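J.: Supplied structure: my_file_21.cif, mmCIF, C-alpha atoms.
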```cif
data_structure
loop_
_atom_site.label_atom_id
_atom_site.label_comp_id
_atom_site.auth_asym_id
_atom_site.auth_seq_id
_atom_site.Cartn_x
_atom_site.Cartn_y
_atom_site.Cartn_z
CA MET A 1427 -27.07 10.23 -37.59
CA LYS A 1428 -24.02 12.44 -37.93
CA LEU A 1429 -24.56 13.69 -34.39
CA LEU A 1430 -24.67 10.11 -33.07
CA LEU A 1431 -21.45 9.21 -34.89
CA THR A 1432 -19.77 12.34 -33.52
CA VAL A 1433 -20.81 11.48 -29.95
CA CYS A 1434 -19.58 7.88 -30.33
CA LEU A 1435 -16.26 9.03 -31.75
CA THR A 1436 -15.80 11.57 -28.97
CA CYS A 1437 -16.53 8.94 -26.30
CA THR A 1438 -14.05 6.56 -27.91
CA LEU A 1439 -11.34 9.19 -27.97
CA LEU A 1440 -12.00 10.16 -24.34
CA TYR A 1441 -11.91 6.48 -23.29
CA THR A 1442 -8.61 5.97 -25.08
CA ALA A 1443 -7.16 9.12 -23.56
CA GLU A 1444 -8.13 7.99 -20.05
CA SER A 1445 -6.79 4.43 -20.37
CA LEU A 1446 -4.14 3.75 -17.74
CA ARG A 1447 -0.62 2.83 -18.76
CA CYS A 1448 1.51 0.58 -16.57
CA HIS A 1449 4.93 -1.05 -16.69
CA VAL A 1450 4.88 -4.80 -17.39
CA CYS A 1451 7.85 -7.14 -16.98
CA ASP A 1452 9.50 -8.44 -20.14
CA ASN A 1453 11.12 -11.45 -18.43
CA GLU A 1454 10.89 -13.57 -15.28
CA GLN A 1455 13.57 -11.55 -13.50
CA CYS A 1456 11.80 -8.29 -14.44
CA THR A 1457 15.11 -6.71 -15.44
CA ASN A 1458 13.32 -4.93 -18.27
CA THR A 1459 9.80 -3.54 -18.49
CA THR A 1460 7.51 -2.19 -21.18
CA SER A 1461 4.86 0.47 -20.74
CA VAL A 1462 1.54 -0.89 -21.99
CA GLU A 1463 -2.03 0.33 -22.18
CA CYS A 1464 -4.14 -1.53 -19.63
CA PRO A 1465 -7.46 -3.22 -20.41
CA ALA A 1466 -10.66 -1.66 -19.10
CA THR A 1467 -10.81 -4.13 -16.19
CA SER A 1468 -7.44 -2.94 -14.87
CA ILE A 1469 -7.61 0.43 -13.17
CA VAL A 1470 -4.41 0.30 -11.10
CA CYS A 1471 -0.73 -0.37 -11.69
CA LYS A 1472 1.05 -2.78 -9.36
CA THR A 1473 4.67 -3.50 -8.50
CA VAL A 1474 5.49 -6.21 -5.98
CA THR A 1475 8.67 -7.84 -4.70
CA SER A 1476 7.98 -11.24 -3.16
CA VAL A 1477 9.79 -13.96 -1.24
CA THR A 1478 7.90 -17.24 -1.18
CA ASN A 1479 8.37 -20.66 0.42
CA THR A 1480 11.00 -21.63 2.95
CA ILE A 1481 13.72 -21.74 0.28
CA ALA A 1482 13.38 -17.96 -0.15
CA LYS A 1483 12.49 -17.75 -3.84
CA LEU A 1484 12.62 -14.08 -4.91
CA THR A 1485 10.35 -12.69 -7.63
CA VAL A 1486 9.54 -9.23 -8.95
CA ASN A 1487 6.31 -8.53 -10.80
CA LYS A 1488 4.92 -5.38 -12.41
CA ASN A 1489 1.59 -5.27 -14.21
CA CYS A 1490 -1.85 -3.81 -14.77
CA SER A 1491 -4.19 -4.97 -12.02
CA SER A 1492 -7.77 -4.92 -10.84
CA LEU A 1493 -8.65 -3.00 -7.70
CA VAL A 1494 -9.77 -6.20 -5.95
CA SER A 1495 -6.33 -7.80 -6.21
CA CYS A 1496 -4.76 -4.73 -4.58
CA PHE A 1497 -5.98 -5.13 -1.00
CA THR A 1498 -3.18 -2.87 0.25
CA PRO A 1499 -3.80 0.91 0.45
CA LEU A 1500 -3.45 2.73 -2.85
CA GLN A 1501 -0.39 4.94 -3.36
CA LEU A 1502 1.30 3.48 -0.28
CA GLU A 1503 4.16 0.99 -0.31
CA THR A 1504 3.02 -1.79 2.02
CA GLU A 1505 4.74 -4.90 3.31
CA TRP A 1506 2.66 -7.94 4.28
CA SER A 1507 3.49 -11.50 5.17
CA VAL A 1508 2.01 -14.83 6.23
CA ASN A 1509 4.03 -17.77 7.54
CA ARG A 1510 2.51 -21.20 8.21
CA GLY A 1511 5.83 -22.72 9.28
CA PHE A 1512 6.21 -25.07 6.33
CA LYS A 1513 5.07 -22.42 3.85
CA LYS A 1514 5.78 -18.69 3.82
CA GLU A 1515 5.14 -15.72 1.58
CA ALA A 1516 6.22 -12.14 2.16
CA HIS A 1517 5.50 -9.24 -0.17
CA ASN A 1518 6.41 -5.58 -0.55
CA GLN A 1519 3.68 -4.08 -2.72
CA LEU A 1520 2.61 -0.78 -4.24
CA CYS A 1521 -0.64 -0.20 -6.10
CA CYS A 1522 -1.07 3.19 -7.77
CA VAL A 1523 -3.39 4.93 -10.21
CA THR A 1524 -1.28 7.20 -12.42
CA ASP A 1525 0.42 6.35 -15.70
CA ASN A 1526 3.55 4.23 -15.28
CA CYS A 1527 3.60 4.75 -11.53
CA ASN A 1528 4.80 1.17 -10.96
CA PHE A 1529 8.21 1.63 -12.59
CA GLN A 1530 10.18 1.18 -9.36
CA THR A 1531 11.41 -2.15 -8.02
CA LEU A 1532 10.62 -2.38 -4.33
CA ALA A 1533 12.96 -3.61 -1.61
CA ILE A 1534 13.02 -7.26 -0.53
CA PRO A 1535 10.68 -7.92 2.44
CA ASN A 1536 12.47 -7.90 5.78
CA PRO A 1537 13.61 -11.50 6.58
CA SER A 1538 14.90 -10.84 10.13
CA GLU A 1539 13.27 -12.52 13.11
CA ASN A 1540 11.41 -9.95 15.22
CA GLY A 1541 11.29 -11.74 18.60
CA LYS A 1542 7.67 -12.88 18.38
CA GLN A 1543 6.71 -16.55 18.27
CA CYS A 1544 3.49 -18.34 17.35
CA PRO A 1545 2.14 -21.91 17.33
CA SER A 1546 2.48 -23.49 13.89
CA CYS A 1547 2.47 -26.68 11.87
CA ALA A 1548 5.83 -28.37 11.22
CA SER A 1549 4.62 -29.88 7.94
CA SER A 1550 1.72 -29.96 5.52
CA ALA A 1551 0.99 -33.48 6.79
CA ASP A 1552 0.57 -32.15 10.36
CA SER A 1553 -1.66 -29.38 9.02
CA LEU A 1554 -3.83 -31.90 7.21
CA ALA A 1555 -3.99 -34.22 10.22
CA GLY A 1556 -4.65 -31.36 12.66
CA THR A 1557 -1.74 -32.44 14.86
CA CYS A 1558 0.27 -29.21 14.89
CA ASN A 1559 2.45 -28.58 17.95
CA ALA A 1560 5.44 -26.64 16.58
CA THR A 1561 6.55 -23.13 17.50
CA LEU A 1562 7.44 -20.59 14.82
CA SER A 1563 9.70 -17.53 15.06
CA CYS A 1564 8.01 -14.62 13.29
CA ALA A 1565 9.96 -12.34 10.96
CA GLY A 1566 9.70 -8.89 9.45
CA VAL A 1567 6.20 -7.39 9.71
CA GLU A 1568 4.63 -10.57 11.09
CA ASN A 1569 3.25 -9.04 14.29
CA SER A 1570 0.30 -11.32 15.06
CA CYS A 1571 -0.47 -15.01 15.41
CA PHE A 1572 -3.30 -16.58 13.43
CA ASN A 1573 -5.28 -19.78 13.63
CA GLY A 1574 -8.12 -21.27 11.68
CA THR A 1575 -9.16 -23.85 9.15
CA THR A 1576 -9.35 -24.30 5.40
CA THR A 1577 -10.97 -27.02 3.31
CA SER A 1578 -9.04 -29.38 1.04
CA ASN A 1579 -10.82 -32.21 -0.80
CA SER A 1580 -13.78 -31.86 1.58
CA LYS A 1581 -11.45 -32.27 4.57
CA GLU A 1582 -10.88 -29.59 7.20
CA VAL A 1583 -7.25 -28.49 7.43
CA LEU A 1584 -5.69 -26.75 10.45
CA GLU A 1585 -3.87 -23.47 9.80
CA LEU A 1586 -1.51 -21.84 12.35
CA GLY A 1587 1.35 -19.36 12.16
CA CYS A 1588 2.54 -15.77 11.97
CA VAL A 1589 0.86 -13.00 9.96
CA SER A 1590 1.13 -9.24 9.51
CA ARG A 1591 -1.81 -7.63 11.27
CA ASN A 1592 -2.70 -5.53 8.20
CA LEU A 1593 -4.15 -8.74 6.67
CA CYS A 1594 -6.28 -9.71 9.64
CA THR A 1595 -9.46 -7.78 8.79
CA LEU A 1596 -9.33 -8.25 5.01
CA GLN A 1597 -11.55 -11.15 3.98
CA VAL A 1598 -10.46 -10.77 0.36
CA ALA A 1599 -6.86 -11.33 1.50
CA HIS A 1600 -7.87 -14.46 3.42
CA GLU A 1601 -9.54 -15.86 0.32
CA ALA A 1602 -6.52 -15.07 -1.85
CA LEU A 1603 -4.07 -16.66 0.59
CA PHE A 1604 -6.04 -19.56 2.03
CA GLY A 1605 -9.00 -20.16 -0.31
CA SER A 1606 -12.67 -19.21 -0.37
CA ASN A 1607 -13.60 -21.54 2.52
CA ALA A 1608 -10.98 -20.22 4.93
CA MET A 1609 -11.98 -19.35 8.49
CA ILE A 1610 -8.99 -17.42 9.84
CA VAL A 1611 -8.76 -15.51 13.13
CA CYS A 1612 -5.89 -13.32 14.28
CA GLY A 1613 -4.86 -13.13 17.93
CA ALA A 1614 -2.54 -11.01 20.01
CA PRO A 1615 1.12 -11.78 19.29
CA TRP A 1616 3.08 -13.55 21.99
CA SER A 1617 6.74 -14.19 22.48
CA VAL A 1618 8.73 -16.58 24.64
CA ARG A 1619 11.41 -13.92 25.07
CA ILE A 1620 8.92 -11.23 26.06
CA SER A 1621 7.10 -13.61 28.42
CA ALA A 1622 10.39 -14.51 30.13
CA VAL A 1623 11.22 -10.85 30.69
CA LEU A 1624 7.78 -10.17 32.15
CA LEU A 1625 8.07 -13.21 34.42
CA THR A 1626 11.48 -12.04 35.68
CA LEU A 1627 10.11 -8.56 36.42
CA ALA A 1628 7.12 -10.04 38.21
CA LEU A 1629 9.33 -12.26 40.40
CA THR A 1630 11.62 -9.33 41.19
CA ALA A 1631 8.69 -7.13 42.15
CA HIS A 1632 7.27 -9.92 44.34
CA LYS A 1633 10.60 -10.29 46.22
CA VAL A 1634 10.77 -6.54 46.80
CA LEU A 1635 7.23 -6.39 48.11
CA VAL A 1636 7.72 -9.45 50.35
#
```
Please re-express this file's structure in structure tokens.

T.:
Amino acid sequence: MKLLLTVCLTCTLLYTAESLRCHVCDNEQCTNTTSVECPATSIVCKTVTSVTNTIAKLTVNKNCSSLVSCFTPLQLETEWSVNRGFKKEAHNQLCCVTDNCNFQTLAIPNPSENGKQCPSCASSADSLAGTCNATLSCAGVENSCFNGTTTSNSKEVLELGCVSRNLCTLQVAHEALFGSNAMIVCGAPWSVRISAVLLTLALTAHKVLV
């Protein structure tokens, strides 16, 4: 009996000693943080700086997190973004596995247009009706176009826009961003500016050859 109690106590002490500690924001602006002991379900620390919606709302969040919610590579600061035209979210994220490793506040995701353009929906109403014919200028790390469908109230909804390619093969990311019934496919990025340059070069080469 004493041996069993000793083993249980030892295991408890080892579990406590191995519990991860992470910084957690004390307020909405995350100007102050507190180091806390994470629950058993949280095995990583996360810090993320986000810009959401077209009005560019900036948020900073630091917390204990599950491994599933950190679909970016561990220990590596990663920027990812998805833009549907009428709705955008861009994040700069770091997930790490050592005590208080998420203390830093990451830089704001790059908002600058990058020259690529993709088909998109001008409004949520167009997305719902499946009548999207707008063109969207991609920004920051958005280096691929995407298209697909989601389901809302048993109705199929069209999804088009710009996305960072590091999200394209991650089904868990698709579910987090678009919902569990999302069918999203990424395609090669295209750009009106790039296409115009290529067309000019092709015409020039044709004149020279003729």

J.: Give me, please, the distance in Å between atom CA of Asn1526 of chain A and atom CA of Val1462 of chain A, quoted to one decimal.

T.: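 Taking atom CA of Asn1526 of chain A and atom CA of Val1462 of chain A, their separation equals 8.7 Å.
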
J.: Env of segment 1463-1469 of chain A: 12 Å cut, atoms = all atoms listed in the file, seq-sep filter 6 positions within chain, self excluded. Answer as a PyMOL selection string.

T.: chain A and resi 1441-1450+1489-1496+1500+1521-1526

J.: Here is a test: counting all atoms listed in the file, which residue of A:Asn1509, A:Asn1607, A:Thr1557, A:Ser1538 is nearest to Gly1587 of chain A?

T.: A:Asn1509

J.: Hey, can you check how far atom CA of Glu1503 of chain A sits from atom CA of Ile1534 of chain A?

T.: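 It comes out at 12.1 Å.
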
J.: Spell out the residues picked by the PyMOL selection byres ((chain A and resi 1513) around 9) here, as a VMD selection string.

T.: chain A and resid 1478 to 1480 1508 to 1512 1514 to 1515 1549 to 1550

J.: Kindly indicate which residue among A:Leu1502, A:Ala1516, A:Met1609, A:Ala1548 lies nearest to Ser1476 of chain A, using only C-alpha atoms for the distances.

T.: A:Ala1516

J.: If I only have part of segment 1475-1490 of chain A, can you fill in N, CA, C and O atoms and write it as a compact mmCIF listing (two decimals), in the frame of the given file?

T.:
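Output saved as out.txt:
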```
# COMPACT_ATOMS: atom_id res chain seq x y z
N THR A 1475 7.48 -7.01 -4.89
CA THR A 1475 8.67 -7.84 -4.70
C THR A 1475 8.31 -8.90 -3.66
O THR A 1475 7.88 -8.55 -2.56
N SER A 1476 8.48 -10.16 -4.01
CA SER A 1476 7.98 -11.24 -3.16
C SER A 1476 9.08 -12.25 -2.84
O SER A 1476 9.96 -12.52 -3.65
N VAL A 1477 8.98 -12.81 -1.63
CA VAL A 1477 9.79 -13.96 -1.24
C VAL A 1477 8.81 -15.03 -0.80
O VAL A 1477 8.02 -14.83 0.12
N THR A 1478 8.85 -16.18 -1.47
CA THR A 1478 7.90 -17.24 -1.18
C THR A 1478 8.61 -18.54 -0.82
O THR A 1478 9.74 -18.77 -1.22
N ASN A 1479 7.90 -19.35 -0.03
CA ASN A 1479 8.37 -20.66 0.42
C ASN A 1479 9.57 -20.54 1.35
O ASN A 1479 10.17 -19.47 1.50
N THR A 1480 9.91 -21.64 1.98
CA THR A 1480 11.00 -21.63 2.95
C THR A 1480 12.37 -21.58 2.30
O THR A 1480 13.38 -21.34 2.95
N ILE A 1481 12.43 -21.80 0.97
CA ILE A 1481 13.72 -21.74 0.28
C ILE A 1481 14.02 -20.32 -0.21
O ILE A 1481 15.00 -20.10 -0.91
N ALA A 1482 13.16 -19.38 0.15
CA ALA A 1482 13.38 -17.96 -0.15
C ALA A 1482 13.52 -17.68 -1.65
O ALA A 1482 14.53 -17.15 -2.11
N LYS A 1483 12.51 -18.05 -2.42
CA LYS A 1483 12.49 -17.75 -3.84
C LYS A 1483 12.05 -16.29 -4.03
O LYS A 1483 10.99 -15.88 -3.60
N LEU A 1484 12.88 -15.51 -4.71
CA LEU A 1484 12.62 -14.08 -4.91
C LEU A 1484 12.04 -13.84 -6.30
O LEU A 1484 12.57 -14.33 -7.30
N THR A 1485 10.95 -13.08 -6.35
CA THR A 1485 10.35 -12.69 -7.63
C THR A 1485 9.96 -11.22 -7.60
O THR A 1485 9.64 -10.68 -6.54
N VAL A 1486 10.00 -10.61 -8.78
CA VAL A 1486 9.54 -9.23 -8.95
C VAL A 1486 8.49 -9.23 -10.05
O VAL A 1486 8.68 -9.86 -11.10
N ASN A 1487 7.38 -8.56 -9.81
CA ASN A 1487 6.31 -8.53 -10.80
C ASN A 1487 5.75 -7.11 -10.92
O ASN A 1487 5.54 -6.44 -9.91
N LYS A 1488 5.53 -6.69 -12.14
CA LYS A 1488 4.92 -5.38 -12.41
C LYS A 1488 3.86 -5.59 -13.49
O LYS A 1488 4.14 -6.22 -14.51
N ASN A 1489 2.66 -5.05 -13.24
CA ASN A 1489 1.59 -5.27 -14.21
C ASN A 1489 0.41 -4.34 -14.00
O ASN A 1489 0.37 -3.56 -13.04
N CYS A 1490 -0.54 -4.43 -14.94
CA CYS A 1490 -1.85 -3.81 -14.77
C CYS A 1490 -2.64 -4.72 -13.83
O CYS A 1490 -2.50 -5.95 -13.88
```
